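J.: Structure provided below as structure tokens; questions to follow.
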Amino acid sequence: MAVPAKRDLVSIEDLSTAEILELFRHADTFRDDLRAWSHICCGTIMATLFFEPSTRTRLSFESAMHRLGGGVITAADEKNTSRSKGESLADTVRVVGGSYADILVVRHPEDGAARVAARYARVPVVNGGDGAHEHPTQTLCDLYTLWKEKGRLEGLEIVLCGDLRYSRTIHSFCYALARFGANIVTMPYPGFELPDYVLHRLRREFGVQAATASVGDLPGIAGSSNAAAYLTASKPHQLALFTSLTNFEVNRIDAIYMTRAQRERHAGEETRNYPRLTRSTLGAAAAKDARIMHPLPRVDEIDYDVDDDPRSVYFRQAELGVPMRMALMAFLLGKIQLDAAPPAVFTVTPGAAAGAGFRCRNERCITNNEGVRYLNRDFRIRDAEQPPVLSCAYCEREVEARFVGNPLSRKAFRTSSSGAVEIPRPDRVYFESEDQAQAAGYDCEP
Amino acid sequence: MAVPAKRDLVSIEDLSTAEILELFRHADTFRDDLRAWSHICCGTIMATLFFEPSTRTRLSFESAMHRLGGGVITAADEKNTSRSKGESLADTVRVVGGSYADILVVRHPEDGAARVAARYARVPVVNGGDGAHEHPTQTLCDLYTLWKEKGRLEGLEIVLCGDLRYSRTIHSFCYALARFGANIVTMPYPGFELPDYVLHRLRREFGVQAATASVGDLPGIAGSSNAAAYLTASKPHQLALFTSLTNFEVNRIDAIYMTRAQRERHAGEETRNYPRLTRSTLGAAAAKDARIMHPLPRVDEIDYDVDDDPRSVYFRQAELGVPMRMALMAFLLGKIQLDAAPPAVFTVTPGAAAGAGFRCRNERCITNNEGVRYLNRDFRIRDAEQPPVLSCAYCEREVEARFVGNPLSRKAFRTSSSGAVEIPRPDRVYFESEDQAQAAGYDCEP
Amino acid sequence: MAVPAKRDLVSIEDLSTAEILELFRHADTFRDDLRAWSHICCGTIMATLFFEPSTRTRLSFESAMHRLGGGVITAADEKNTSRSKGESLADTVRVVGGSYADILVVRHPEDGAARVAARYARVPVVNGGDGAHEHPTQTLCDLYTLWKEKGRLEGLEIVLCGDLRYSRTIHSFCYALARFGANIVTMPYPGFELPDYVLHRLRREFGVQAATASVGDLPGIAGSSNAAAYLTASKPHQLALFTSLTNFEVNRIDAIYMTRAQRERHAGEETRNYPRLTRSTLGAAAAKDARIMHPLPRVDEIDYDVDDDPRSVYFRQAELGVPMRMALMAFLLGKIQLDAAPPAVFTVTPGAAAGAGFRCRNERCITNNEGVRYLNRDFRIRDAEQPPVLSCAYCEREVEARFVGNPLSRKAFRTSSSGAVEIPRPDRVYFESEDQAQAAGYDCEP
């Protein structure tokens, strides 16, 4: 019998929409009696490799694995690891993901690290958070909570509030909400808006359109409303509706998703007057049926006296993380099968073809940090677009390629020129700029 | 079937005397073959949340849980926890004590933290040591060791030696010894006497009477004998015996309980000439049938050449910790039932009723530290006494209430005055002093 | 039924050659299906006590124990342990190796620490690395890898390359290779040669003879070849072959064992130009059938593009660690029996008899560090040799005894003198020098 290819969860894109919904139903089954499944993964071992502080995520995974009857080995203290002796992530996962463990959960401070782990490990890898890139199991739990609370995801109106810049949770969540057809209202703390690369990706991959938003009245978090934006996925029928989408009034909120200031990733930004959700926020008419969500840990952006409000679901959200992760791991370990089809696989073009001088522009990307030693710079190319867009195969940051070269003639052309089109597609070498092409020894045609 | 209320073990007072003795018998059964019980807690998870360094206690709990067949998840490194991101203990236990774990063991540097955990968690909480407050499972193990060695607890003569000020183990142990009718001889290192609030509580709750003690001859630890005190619970028949209890000669010692200097809690106190138990201590006539106990870790307060003496039971004491904790956890998880009745429940009066300005006087209390953000200041009131005594619902530190106010008239009276008596009991608002009452806007009657 | 004495693995010498080979066959069985043995050690607990950073070794042991169905308790962070409160290793293992755990794995920075643990713990102790002394399970895994790759150990030609001074892995491996009759070519980075005490022990215990070596051509690691030495065990037939062993040409290499610079044990030595194994190294004729081994973690002493070469077995070497450790632990826990006989037991002479002033010369030895408080200085004596050799019972460092005293007459003699011979063997008191004997109050005969 052919062994099926291993599945990883590095990005929320690694699961198809239908698979996600099917996992929700499995999670419901596990949740019915959390203590009844300890025969499922007997003899199986999960390793948690946490190169960055965490309790919640690690404990949630470890709990899920114990509930499934498996063993857990943990390397959680960076200073106590082989990394302090200079070992690369690629080596660590090849060792631990050999006979040591049957599945790896990796948290790492560099963007794209989880994809590196997935490439090198022989066993399934789950991204427990990689830099400012993604945190897909948090997103699964967030979606699962919404789905249980509201019975659907499509068409929901979700307010994202606080530090939208540095929260990888928010970024993963945005892509997923767009995919499921929910609408997003961003209410960032000034200076902490969604990064451009997230907005670009939302536009490119999901056709998301943005409008200035005004939210009826949300006391406590209104301080940030100047920068509020309404993001809606432009599905066929919606395109029609919102052709002149310039200003959007939000009168019904399905969920307010608060985030703390991610101080450990800040460069000294000031966060006084950070938004704070209070009882009076919940008193607003628009928030009547809202659910208050938070990935936790909370600092003080939600008042303690909101905890008892039935609309506050952040502790429930954490609780649902265990059955959700049980379902995910049982699936990745082959203990449950899904009927749904997996997502289409993207082709990755090796970095060499992308241009000698091409490097990921994201300074936090693992290819510009510990991966310099051993990683090729690989990119996913969308050359149906003009200019073609290359996205880093690890951290998914996108760059536009303005020049393309022919390695035989050593000539480079603007990607919009006719000369560019004549280069056979597999031979094309991409450059960000004329300078870069010249530095790689190409003559640039005017 | 009604689900019984969850039981916690925050203070040794949370177990009745009969329950404790019944747990000893269960521990004996578990100890007969430690490896024979791995079916008891299958599918169940214990979380150890240790916000303070420890090995022994944590490993003992984890071993007990593994012996019972349960899973263990651990957050043991303060820097690697959500706490470093600013999360409160209340939030941590609500998350971890949700679907993550079925029982929590908490160690925390602030007095009263375990009671906070017990209030907020939905699952049973065991206090693994909270500041200088209590360490009840150590006390259970100590009592269990004594009970096995001596066949009883009542009437035993126990010498407590060393740092009696900062050792929470000693404090819990004192209350328990008084409750079981054992007598205590304190031999503190000068400057490290039992704190007054412990002596007061011993007097108030157990009617303990104190006398100056002289201990026949205990070389090595005699340096501290100047401050020796004899503490005996004044049960009816004892009251008669010791009406003129002024000086007590101890000629028979059942156990010498040594403690190390708790340097991590000291403020630079000098501890040269700290007592040191040697072979010659054991040669004393009074120590003929004594057992040498120590909660461990030992530094150098017991000589290594005492280890082989059959009266040295400190390693055995550690060993008994595992079956004792197995019994406790099996009980709290509902896997074994006890026939004995639980202790009476004390009523807690919300802090508001205790007076607007009333705060716990213990600067290490969690209500004066991380709890400031979210805890109400609650007190247990004993107003049968004069003046009424309020003890902090978290750290149990006691304060006398000298004034009591009527919130309707905004008048306050000395608690000994007739005006005080006229205020209906549920309305009474207590104050420590006239100043405090005035600061809260009350007029004080002369 | 008599309970057999517990077995420990502190030094690779604690297992007989036949036992090691039998363990390899058990490891093969476990490896056939790693997930099929979770019934073997049910109810049993392993404690990993790691007083020094490590991930690989700890995770490998923990994985092995989980694969066997046992529980694991871990103290891996030195700052979070009772040791930070001043507890000795002897106390820690007496507590944890009581009811807490059924087997201990100890890693410790001081040489000889594992033997101390084995003496004090009631349960089997496995040395997970003690200072620069030994790391016997790494050696077992290395031998097992070689044995599987080459089908035998005797007569293999093994090149050891890099930091041979501070790598305890290399030291254990040398003794084992000599025992199994493999030949060693040392290619140290200059200044990091095998220590003299290792060479002495190889000569004394295994009759190893040394010759200058030249290795045909090994680009990349040739920089160190000036100091290359050929070490061969002088078995009877080999003695004949190599009577004039002065210069040895190595033309066939069975394995190249690379090691990283053990910077954490260095005193600032410079390691630029550290040898680096590259594709061109593998292109050498002599390396045609070589296996590339490395205990990992690698820093950069093996190029990443060597990873895909089928001769690179370092990740396989790590993978084999789990089944090898499963076999070892199942054996030490009495879950599998071996037919082979154990090694002969060496007699240890208490330190007192070895001379009042005698102390281990190894400054990293535990007897000169934390053991000063409580350890006797014990030595193994070989007085068939002239001068007699005393090796520390903990760290195995050897010292020659030049003087021997008679405790009755308080007279000391050169060990080569007739006066020495007349002292009854059990009474002999040994000294390193005349000064030491005089300092102990002995008159030295001329």
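As shown in the structure tokens, the chain order sets the letters A, B, ...; within each chain, residues go from 1, and ligands are also counted from 1 in the order they appear.
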I need the strand (DSSP E or B) residues of stretch 185-387 of chain C per DSSP on the backbone, written as an MDAnalysis selection string.
T.: chainID C and resid 185:188 208:215 229:233 247:250 255:258 277 291:293 302 312 349 365 379:382
J.: Using only C-alpha atoms, please write the residues we just selected to a file, as a PDB file, in the first residue's frame.
T.:
ATOM      1  CA  VAL C 185      43.357   7.323  13.839  1.00  0.00           C
ATOM      2  CA  THR C 186      43.315  10.561  15.791  1.00  0.00           C
ATOM      3  CA  MET C 187      43.231  13.769  13.750  1.00  0.00           C
ATOM      4  CA  PRO C 188      42.833  16.443  16.392  1.00  0.00           C
ATOM      5  CA  VAL C 208      47.019   0.134  22.930  1.00  0.00           C
ATOM      6  CA  GLN C 209      50.144   1.014  20.961  1.00  0.00           C
ATOM      7  CA  ALA C 210      50.528   4.330  19.199  1.00  0.00           C
ATOM      8  CA  ALA C 211      52.248   5.178  15.901  1.00  0.00           C
ATOM      9  CA  THR C 212      52.525   8.313  13.836  1.00  0.00           C
ATOM     10  CA  ALA C 213      49.891   8.136  11.153  1.00  0.00           C
ATOM     11  CA  SER C 214      49.600   9.541   7.699  1.00  0.00           C
ATOM     12  CA  VAL C 215      46.233   9.517   6.056  1.00  0.00           C
ATOM     13  CA  ALA C 229      48.294   9.156  15.497  1.00  0.00           C
ATOM     14  CA  TYR C 230      47.438   5.547  14.901  1.00  0.00           C
ATOM     15  CA  LEU C 231      46.211   3.675  17.960  1.00  0.00           C
ATOM     16  CA  THR C 232      45.848  -0.071  17.810  1.00  0.00           C
ATOM     17  CA  ALA C 233      45.008  -2.545  20.526  1.00  0.00           C
ATOM     18  CA  ASN C 247      54.670   5.058  11.107  1.00  0.00           C
ATOM     19  CA  PHE C 248      51.373   3.926   9.791  1.00  0.00           C
ATOM     20  CA  GLU C 249      49.804   4.670   6.452  1.00  0.00           C
ATOM     21  CA  VAL C 250      45.989   4.638   6.539  1.00  0.00           C
ATOM     22  CA  ALA C 255      34.376   5.774   9.533  1.00  0.00           C
ATOM     23  CA  ILE C 256      35.221   9.425  10.094  1.00  0.00           C
ATOM     24  CA  TYR C 257      33.878  10.612  13.429  1.00  0.00           C
ATOM     25  CA  MET C 258      33.682  14.411  13.485  1.00  0.00           C
ATOM     26  CA  LEU C 277      34.355  17.960   6.308  1.00  0.00           C
ATOM     27  CA  ARG C 291      30.744   6.367   7.101  1.00  0.00           C
ATOM     28  CA  ILE C 292      30.518   9.949   8.287  1.00  0.00           C
ATOM     29  CA  MET C 293      29.503  10.064  11.941  1.00  0.00           C
ATOM     30  CA  ILE C 302      30.358  19.177   8.326  1.00  0.00           C
ATOM     31  CA  SER C 312      26.545  10.417   5.907  1.00  0.00           C
ATOM     32  CA  THR C 349      39.773   0.637  48.148  1.00  0.00           C
ATOM     33  CA  CYS C 365      36.408  15.662  39.676  1.00  0.00           C
ATOM     34  CA  PHE C 379      40.480   4.729  44.637  1.00  0.00           C
ATOM     35  CA  ARG C 380      40.812   1.568  42.651  1.00  0.00           C
ATOM     36  CA  ILE C 381      44.308   0.181  43.152  1.00  0.00           C
ATOM     37  CA  ARG C 382      46.329  -1.805  40.660  1.00  0.00           C
TER      38      ARG C 382
END
J.: Could you produce a table of the residues of chain B lying within 12 Å of chain A, with the nearest pair of atoms per residue and their separation in Å rounded to one decimal, using only C-alpha atoms, ordered by chain and increasing residue number, as a Markdown table?
T.:
| residue | atom | partner | partner_atom | distance |
| --- | --- | --- | --- | --- |
| B:His39 | CA | A:Ser38 | CA | 11.7 |
| B:Cys41 | CA | A:Arg35 | CA | 9.8 |
| B:Cys42 | CA | A:Ser38 | CA | 7.6 |
| B:Gly43 | CA | A:Arg35 | CA | 4.8 |
| B:Thr44 | CA | A:Arg35 | CA | 6.3 |
| B:Ile45 | CA | A:Ser63 | CA | 7.3 |
| B:Met46 | CA | A:Ser63 | CA | 9.3 |
| B:Ala47 | CA | A:Leu59 | CA | 8.7 |
| B:Thr48 | CA | A:Leu59 | CA | 10.6 |
| B:Leu49 | CA | A:Thr55 | CA | 9.9 |
| B:Phe50 | CA | A:Thr55 | CA | 11.7 |
| B:Phe51 | CA | A:Thr55 | CA | 11.9 |
| B:His66 | CA | A:His66 | CA | 11.8 |
| B:Gly69 | CA | A:Gly69 | CA | 10.6 |
| B:Gly70 | CA | A:His66 | CA | 8.6 |
| B:Gly71 | CA | A:His66 | CA | 5.8 |
| B:Val72 | CA | A:His66 | CA | 7.9 |
| B:Ile73 | CA | A:Leu59 | CA | 6.3 |
| B:Thr74 | CA | A:Leu59 | CA | 7.4 |
| B:Ala75 | CA | A:Thr55 | CA | 6.6 |
| B:Ala76 | CA | A:Thr55 | CA | 9.6 |
| B:Asp77 | CA | A:Asp77 | CA | 8.4 |
| B:Glu78 | CA | A:Thr55 | CA | 9.7 |
| B:Lys79 | CA | A:Pro53 | CA | 7.3 |
| B:Asn80 | CA | A:Pro53 | CA | 4.5 |
| B:Thr81 | CA | A:Thr55 | CA | 4.8 |
| B:Ser82 | CA | A:Thr55 | CA | 5.7 |
| B:Arg83 | CA | A:Pro297 | CA | 8.2 |
| B:Ser84 | CA | A:Pro53 | CA | 8.7 |
| B:Lys85 | CA | A:Pro297 | CA | 7.2 |
| B:Gly86 | CA | A:Val299 | CA | 5.3 |
| B:Glu87 | CA | A:Pro297 | CA | 5.5 |
| B:Ser88 | CA | A:Val299 | CA | 7.8 |
| B:Leu89 | CA | A:Pro297 | CA | 10.6 |
| B:Ala90 | CA | A:Tyr304 | CA | 10.0 |
| B:Asp91 | CA | A:Pro297 | CA | 7.7 |
| B:Thr92 | CA | A:Pro297 | CA | 8.0 |
| B:Val93 | CA | A:Phe315 | CA | 10.3 |
| B:Arg94 | CA | A:Phe315 | CA | 6.9 |
| B:Val95 | CA | A:Phe315 | CA | 6.1 |
| B:Val96 | CA | A:Arg56 | CA | 7.7 |
| B:Gly97 | CA | A:Glu319 | CA | 9.0 |
| B:Gly98 | CA | A:Glu319 | CA | 5.7 |
| B:Ser99 | CA | A:Glu319 | CA | 5.1 |
| B:Tyr100 | CA | A:Ser63 | CA | 5.4 |
| B:Ala101 | CA | A:Ser63 | CA | 7.1 |
| B:Asp102 | CA | A:Arg35 | CA | 9.6 |
| B:Tyr120 | CA | A:Asp307 | CA | 11.4 |
| B:Ala121 | CA | A:Phe315 | CA | 11.2 |
| B:Arg122 | CA | A:Phe315 | CA | 11.5 |
| B:Glu370 | CA | A:Val299 | CA | 11.8 |
| B:Gly371 | CA | A:Tyr304 | CA | 11.4 |
| B:Val372 | CA | A:Tyr304 | CA | 11.7 |
| B:Arg373 | CA | A:Tyr304 | CA | 8.5 |
| B:Tyr374 | CA | A:Tyr304 | CA | 6.4 |
| B:Leu375 | CA | A:Tyr304 | CA | 9.5 |
| B:Asn376 | CA | A:Tyr304 | CA | 11.5 |
J.: Would you please give, as a ChimeraX atom specification, all residues of stretch 148-334 of chain A that DSSP assigns to helix (DSSP H, G or I) based on the backbone?
T.: /A:148-150,168-179,196-206,222-227,236-241,263-265,279-283,285-287,304-306,314-332
J.: Show me, as a PyMOL selection string, the residues that have an atom within 12 Å of C:Val421 when counting only C-alpha atoms, minus same-chain residues fewer than 5 positions from it.
T.: chain C and resi 383-384+386-388+403-406+412-416+426-428
J.: Those selected residues, please, written with N, CA, C and O atoms and delivered as a PDB file, in the first residue's frame.
T.:
ATOM      1  N   ASP C 383      47.991  -2.734  42.182  1.00  0.00           N
ATOM      2  CA  ASP C 383      49.352  -2.756  42.705  1.00  0.00           C
ATOM      3  C   ASP C 383      50.173  -3.909  42.143  1.00  0.00           C
ATOM      4  O   ASP C 383      51.270  -4.179  42.601  1.00  0.00           O
ATOM      5  N   ALA C 384      49.654  -4.540  41.121  1.00  0.00           N
ATOM      6  CA  ALA C 384      50.500  -5.472  40.385  1.00  0.00           C
ATOM      7  C   ALA C 384      51.484  -4.673  39.523  1.00  0.00           C
ATOM      8  O   ALA C 384      52.541  -5.157  39.142  1.00  0.00           O
ATOM      9  N   GLN C 386      54.126  -1.457  38.658  1.00  0.00           N
ATOM     10  CA  GLN C 386      55.190  -0.775  39.390  1.00  0.00           C
ATOM     11  C   GLN C 386      55.538   0.542  38.692  1.00  0.00           C
ATOM     12  O   GLN C 386      55.991   0.512  37.547  1.00  0.00           O
ATOM     13  N   PRO C 387      55.305   1.711  39.240  1.00  0.00           N
ATOM     14  CA  PRO C 387      54.663   1.903  40.540  1.00  0.00           C
ATOM     15  C   PRO C 387      53.182   1.577  40.469  1.00  0.00           C
ATOM     16  O   PRO C 387      52.602   1.593  39.387  1.00  0.00           O
ATOM     17  N   PRO C 388      52.573   1.283  41.643  1.00  0.00           N
ATOM     18  CA  PRO C 388      51.140   0.980  41.647  1.00  0.00           C
ATOM     19  C   PRO C 388      50.347   2.186  41.128  1.00  0.00           C
ATOM     20  O   PRO C 388      50.771   3.326  41.316  1.00  0.00           O
ATOM     21  N   PHE C 403      55.058   6.225  46.881  1.00  0.00           N
ATOM     22  CA  PHE C 403      55.390   5.825  48.248  1.00  0.00           C
ATOM     23  C   PHE C 403      54.230   5.033  48.855  1.00  0.00           C
ATOM     24  O   PHE C 403      53.077   5.235  48.497  1.00  0.00           O
ATOM     25  N   VAL C 404      54.631   4.118  49.748  1.00  0.00           N
ATOM     26  CA  VAL C 404      53.599   3.356  50.448  1.00  0.00           C
ATOM     27  C   VAL C 404      53.979   3.316  51.932  1.00  0.00           C
ATOM     28  O   VAL C 404      55.164   3.180  52.280  1.00  0.00           O
ATOM     29  N   GLY C 405      53.010   3.478  52.815  1.00  0.00           N
ATOM     30  CA  GLY C 405      53.304   3.576  54.235  1.00  0.00           C
ATOM     31  C   GLY C 405      52.690   2.432  55.032  1.00  0.00           C
ATOM     32  O   GLY C 405      51.739   1.782  54.580  1.00  0.00           O
ATOM     33  N   ASN C 406      53.264   2.210  56.197  1.00  0.00           N
ATOM     34  CA  ASN C 406      52.728   1.217  57.132  1.00  0.00           C
ATOM     35  C   ASN C 406      52.095   1.981  58.284  1.00  0.00           C
ATOM     36  O   ASN C 406      52.797   2.653  59.053  1.00  0.00           O
ATOM     37  N   ALA C 412      57.164   5.147  55.789  1.00  0.00           N
ATOM     38  CA  ALA C 412      56.796   5.053  54.371  1.00  0.00           C
ATOM     39  C   ALA C 412      58.035   4.677  53.547  1.00  0.00           C
ATOM     40  O   ALA C 412      59.175   5.018  53.917  1.00  0.00           O
ATOM     41  N   PHE C 413      57.799   3.943  52.485  1.00  0.00           N
ATOM     42  CA  PHE C 413      58.880   3.446  51.629  1.00  0.00           C
ATOM     43  C   PHE C 413      58.544   3.761  50.181  1.00  0.00           C
ATOM     44  O   PHE C 413      57.383   3.862  49.804  1.00  0.00           O
ATOM     45  N   ARG C 414      59.615   3.880  49.347  1.00  0.00           N
ATOM     46  CA  ARG C 414      59.361   3.924  47.918  1.00  0.00           C
ATOM     47  C   ARG C 414      58.640   2.638  47.514  1.00  0.00           C
ATOM     48  O   ARG C 414      58.989   1.570  48.020  1.00  0.00           O
ATOM     49  N   THR C 415      57.693   2.737  46.627  1.00  0.00           N
ATOM     50  CA  THR C 415      56.922   1.535  46.290  1.00  0.00           C
ATOM     51  C   THR C 415      57.792   0.485  45.609  1.00  0.00           C
ATOM     52  O   THR C 415      57.437  -0.685  45.574  1.00  0.00           O
ATOM     53  N   SER C 416      58.950   0.906  45.085  1.00  0.00           N
ATOM     54  CA  SER C 416      59.825  -0.062  44.415  1.00  0.00           C
ATOM     55  C   SER C 416      60.770  -0.735  45.412  1.00  0.00           C
ATOM     56  O   SER C 416      61.510  -1.655  45.036  1.00  0.00           O
ATOM     57  N   PRO C 426      46.612  -5.410  52.814  1.00  0.00           N
ATOM     58  CA  PRO C 426      45.413  -4.656  53.260  1.00  0.00           C
ATOM     59  C   PRO C 426      45.760  -3.426  54.086  1.00  0.00           C
ATOM     60  O   PRO C 426      44.938  -2.523  54.212  1.00  0.00           O
ATOM     61  N   ASP C 427      47.010  -3.405  54.648  1.00  0.00           N
ATOM     62  CA  ASP C 427      47.360  -2.260  55.497  1.00  0.00           C
ATOM     63  C   ASP C 427      47.943  -1.091  54.718  1.00  0.00           C
ATOM     64  O   ASP C 427      48.043   0.017  55.247  1.00  0.00           O
ATOM     65  N   ARG C 428      48.373  -1.360  53.496  1.00  0.00           N
ATOM     66  CA  ARG C 428      49.146  -0.347  52.767  1.00  0.00           C
ATOM     67  C   ARG C 428      48.416   0.994  52.610  1.00  0.00           C
ATOM     68  O   ARG C 428      47.241   1.026  52.254  1.00  0.00           O
TER      69      ARG C 428
END
J.: Given the choices C:Leu333, C:Thr145, C:Ile170, C:Leu164, which gets closest to C:Ile103 if the distance is worked out from only C-alpha atoms?
T.: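 Ranking C:Leu333, C:Thr145, C:Ile170, C:Leu164 by distance to C:Ile103, first place goes to C:Leu333.
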J.: For B:Gly283, please output as an MDAnalysis selection string all residues within 12 Å (counting only C-alpha atoms; exclusion window: fewer than 4 positions along the same chain).
T.: chainID B and resid 216:220 277:279 287:290 306 309 311
J.: Nearest residue to A:Gly128 out of A:Leu21, A:Ala284, A:Glu385, A:Leu104, using only C-alpha atoms?
T.: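 Residue with the minimum atom-to-atom distance to A:Gly128: A:Leu104.
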J.: Between atom CA of B:Glu193 and atom CA of B:Gly268, what distance in Å does the model show, to one decimal?
T.: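 Atom CA of B:Gly268 lies at a distance of 16.1 Å from atom CA of B:Glu193.
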J.: Which polymer residues have any atom within 12 Å of an atom of B:Pro407, counting only C-alpha atoms, with same-chain residues fewer than 2 positions away left out, as a PyMOL selection string?
T.: chain B and resi 352-356+404-405+409-413+423-430+437+440-443
J.: Please, what distance in Å, to one decimal, runs between atom CA of C:Thr271 and atom CA of C:Gly162?
T.: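 Computing the Euclidean distance for atom CA of C:Thr271 and atom CA of C:Gly162 yields 10.0 Å.
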J.: Could you pull the residues within 10 Å of A:Ala176, counting only C-alpha atoms, minus those fewer than 6 positions along the same chain, as an MDAnalysis selection string?
T.: chainID A and resid 12:13 17 136 139:140 142:143 153 170 182 202 206
J.: Output the selection as a compact mmCIF listing (two decimals), in the first residue's frame - N, CA, C and O atoms for each residue.
T.:
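Wrote out-v9.txt, looks like this:
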# COMPACT_ATOMS: atom_id res chain seq x y z
N ILE A 12 -2.46 28.34 7.51
CA ILE A 12 -3.86 27.93 7.48
C ILE A 12 -4.26 27.49 6.06
O ILE A 12 -5.19 26.71 5.87
N GLU A 13 -3.45 27.93 5.06
CA GLU A 13 -3.69 27.53 3.67
C GLU A 13 -3.41 26.05 3.44
O GLU A 13 -3.75 25.51 2.38
N THR A 17 -10.83 24.46 2.86
CA THR A 17 -12.00 24.93 3.59
C THR A 17 -12.88 23.76 4.04
O THR A 17 -13.35 23.72 5.18
N PRO A 136 -1.38 29.10 12.90
CA PRO A 136 -2.62 28.56 12.30
C PRO A 136 -3.50 27.78 13.26
O PRO A 136 -4.72 27.75 13.06
N THR A 139 -5.73 30.13 14.86
CA THR A 139 -6.77 30.51 13.90
C THR A 139 -7.85 29.44 13.81
O THR A 139 -9.05 29.75 13.79
N LEU A 140 -7.44 28.18 13.78
CA LEU A 140 -8.44 27.11 13.76
C LEU A 140 -9.35 27.20 14.97
O LEU A 140 -10.57 27.05 14.87
N ASP A 142 -9.97 29.84 16.78
CA ASP A 142 -10.79 31.05 16.67
C ASP A 142 -11.98 30.80 15.74
O ASP A 142 -13.13 31.16 16.05
N LEU A 143 -11.70 30.18 14.61
CA LEU A 143 -12.78 29.89 13.66
C LEU A 143 -13.79 28.91 14.27
O LEU A 143 -15.00 29.06 14.12
N LEU A 153 -19.78 30.97 9.30
CA LEU A 153 -18.68 31.93 9.23
C LEU A 153 -18.95 32.97 8.14
O LEU A 153 -18.58 34.13 8.27
N ILE A 170 -3.57 37.56 14.41
CA ILE A 170 -4.46 38.40 13.61
C ILE A 170 -4.24 38.15 12.12
O ILE A 170 -5.20 38.05 11.34
N ALA A 182 -16.13 35.97 5.62
CA ALA A 182 -16.52 36.90 6.68
C ALA A 182 -15.94 38.27 6.35
O ALA A 182 -14.99 38.39 5.59
N LEU A 202 -4.27 39.88 1.09
CA LEU A 202 -5.72 39.77 1.17
C LEU A 202 -6.36 40.17 -0.17
O LEU A 202 -7.28 39.52 -0.66
N PHE A 206 -7.63 36.89 -2.09
CA PHE A 206 -9.05 36.75 -1.79
C PHE A 206 -9.88 37.88 -2.39
O PHE A 206 -11.06 37.99 -2.14
